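Undergrad: One structure follows; several queries about it will come next.
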Amino acid sequence: MDDFYYRKLKVYHLSQQLVKDVYLLMDCFPAKERTALTNQLQRAVISVPSNIAEGMGRFSVKERIHFLEISYGSLSEVMCQLEIAESLNYISSEILKKQEQNIKGIARMLIGLRNALNEKAIKFD
């Protein structure tokens with residue numbers, strides 16, 4: 001038996017891929033951004049799969065939902081920072097659109113997982 005349930009979740013694997021994609025994009029940022037936007041973007045994008053994993057490791061449904069909401073917030077932060085990167089011409093509008101589609105897909109999955117957990121919590125209340 002796999003003790004790490006989050007590994008079975010497609011949203012976890014997609015968010016891991018987002019981390020890889022964003023890290024590759026940051027390689028194109030100018031050196032002056034290595035301590036500003038890059039650091040903030042790294043923290044936000046890593047937070048997405050990390051909070052999915054932490055939440056799914058919790059026994060309480062309410063705690064699981066809480067961590068999924070943190071993950072969703074971090075995902076929104078990633079989108080905002082990529083928009084900033086595009087406005088500064090660090091990434092193209094085409095790259096931004098592609099990543100936005102990936103982010104929207106992850107967001108829909110997080111919402112679906114949250115709703116499923118909410119329904120479970122209601123049944124057991």
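Starting from 1 in every chain, residues are counted up; chains themselves are A, B, ... following the order of the structure tokens, and ligands are numbered from 1 as listed.
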What's around A:Leu88 at 12 Å? Count only C-alpha atoms, leave out sequence neighbours fewer than 4 positions away in its own chain, and write the answer as a list of chain:residue names.

TA: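 The residues satisfying every condition are A:Phe29, A:Pro30, A:Glu33, A:Leu37, A:Gln81, A:Leu82, A:Glu83, A:Ile84, A:Ser92, A:Ser93.
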
Undergrad: How would the residues just chosen look if you wrote them out with C-alpha atoms as a tab-separated table (two decimals), in the first residue's frame?

TA:
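The resulting file, part_33.tsv, is reproduced below:
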```tsv
chain	number	residue	atom	x	y	z
A	29	PHE	CA	14.78	36.09	-16.82
A	30	PRO	CA	17.54	38.72	-16.60
A	33	GLU	CA	15.61	39.30	-11.29
A	37	LEU	CA	10.60	38.09	-9.03
A	81	GLN	CA	3.76	36.72	-11.37
A	82	LEU	CA	3.81	35.25	-14.86
A	83	GLU	CA	1.64	38.17	-15.99
A	84	ILE	CA	4.20	40.52	-14.46
A	92	SER	CA	6.19	36.10	-24.50
A	93	SER	CA	2.42	36.43	-24.55
```

Undergrad: If you count only C-alpha atoms, which residues fall within 12 Å of A:Asp21, apart from same-chain ones fewer than 6 positions away, as a list of chain:residue names?

TA: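 Non-adjacent residues within range: A:Leu14, A:Ser15, A:Asp27, A:Cys28, A:Leu41, A:Gln42, A:Val45, A:Ile46, A:Val78, A:Leu82, A:Ile95, A:Leu96, A:Lys98, A:Gln99, A:Glu100, A:Asn102, A:Ile103.
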
Undergrad: Could the residues in this selection be written to a file with C-alpha atoms, as a PDB file, in the first residue's frame?

TA:
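Saved file selection_38.pdb follows:
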```pdb
ATOM      1  CA  LEU A  14       0.303  18.412 -13.226  1.00  0.00           C
ATOM      2  CA  SER A  15       1.397  20.848 -10.540  1.00  0.00           C
ATOM      3  CA  ASP A  27      16.178  30.685 -16.824  1.00  0.00           C
ATOM      4  CA  CYS A  28      15.238  33.348 -19.409  1.00  0.00           C
ATOM      5  CA  LEU A  41       7.855  32.840  -8.258  1.00  0.00           C
ATOM      6  CA  GLN A  42       9.895  29.867  -7.045  1.00  0.00           C
ATOM      7  CA  VAL A  45       5.075  27.526  -7.712  1.00  0.00           C
ATOM      8  CA  ILE A  46       6.674  25.069  -5.264  1.00  0.00           C
ATOM      9  CA  VAL A  78       1.999  32.109  -9.928  1.00  0.00           C
ATOM     10  CA  LEU A  82       3.809  35.246 -14.858  1.00  0.00           C
ATOM     11  CA  ILE A  95       4.149  31.396 -23.355  1.00  0.00           C
ATOM     12  CA  LEU A  96       1.889  33.195 -20.881  1.00  0.00           C
ATOM     13  CA  LYS A  98       0.115  28.327 -22.647  1.00  0.00           C
ATOM     14  CA  GLN A  99       0.913  28.483 -18.950  1.00  0.00           C
ATOM     15  CA  GLU A 100      -2.440  30.112 -18.226  1.00  0.00           C
ATOM     16  CA  ASN A 102      -2.099  24.767 -17.615  1.00  0.00           C
ATOM     17  CA  ILE A 103      -2.859  26.841 -14.529  1.00  0.00           C
TER      18      ILE A 103
END
```

Undergrad: Which residues are near stretch 107-114 of chain A? Cut-off 7 Å, only C-alpha atoms, ignore same chain within fewer than 2 positions. Put them as number ranges by chain.

TA: A: 11, 65, 68, 72, 103-105, 116-118

Undergrad: Pick out the residues sitting within 8 Å of A:Tyr5, and hand them over as a ChimeraX atom specification; count only C-alpha atoms, and ignore anything fewer than 3 positions along from it in its own chain.

TA: /A:2,8-9,56-57

Undergrad: Which distance in Å separates atom CA of A:Phe67 and atom CA of A:Asn51, to one decimal?

TA: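 That distance, rounded to one decimal, is 5.4 Å.
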
Undergrad: How would you write, as a PyMOL selection string, the set of residues in chain A that DSSP gives as alpha helix (DSSP H)?

TA: chain A and resi 10-26+37-56+61-87+93-124

Undergrad: Atom CA of A:Asn115 and atom CA of A:Phe59, how far apart in Å?

TA: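 Here the two named atoms are 16.9 Å from each other.
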
Undergrad: Between atom CA of A:Ser76 and atom CA of A:Phe4, what is the spacing in Å?

TA: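 The value is 25.5 Å.
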
Undergrad: Select, from A:Ser87, A:Gln40, A:Thr35, A:Ser50, the residue with the minimum atom-to-atom distance to A:Tyr6, counting only C-alpha atoms.

TA: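 Using only C-alpha atoms, A:Tyr6 sits closest to A:Ser50.
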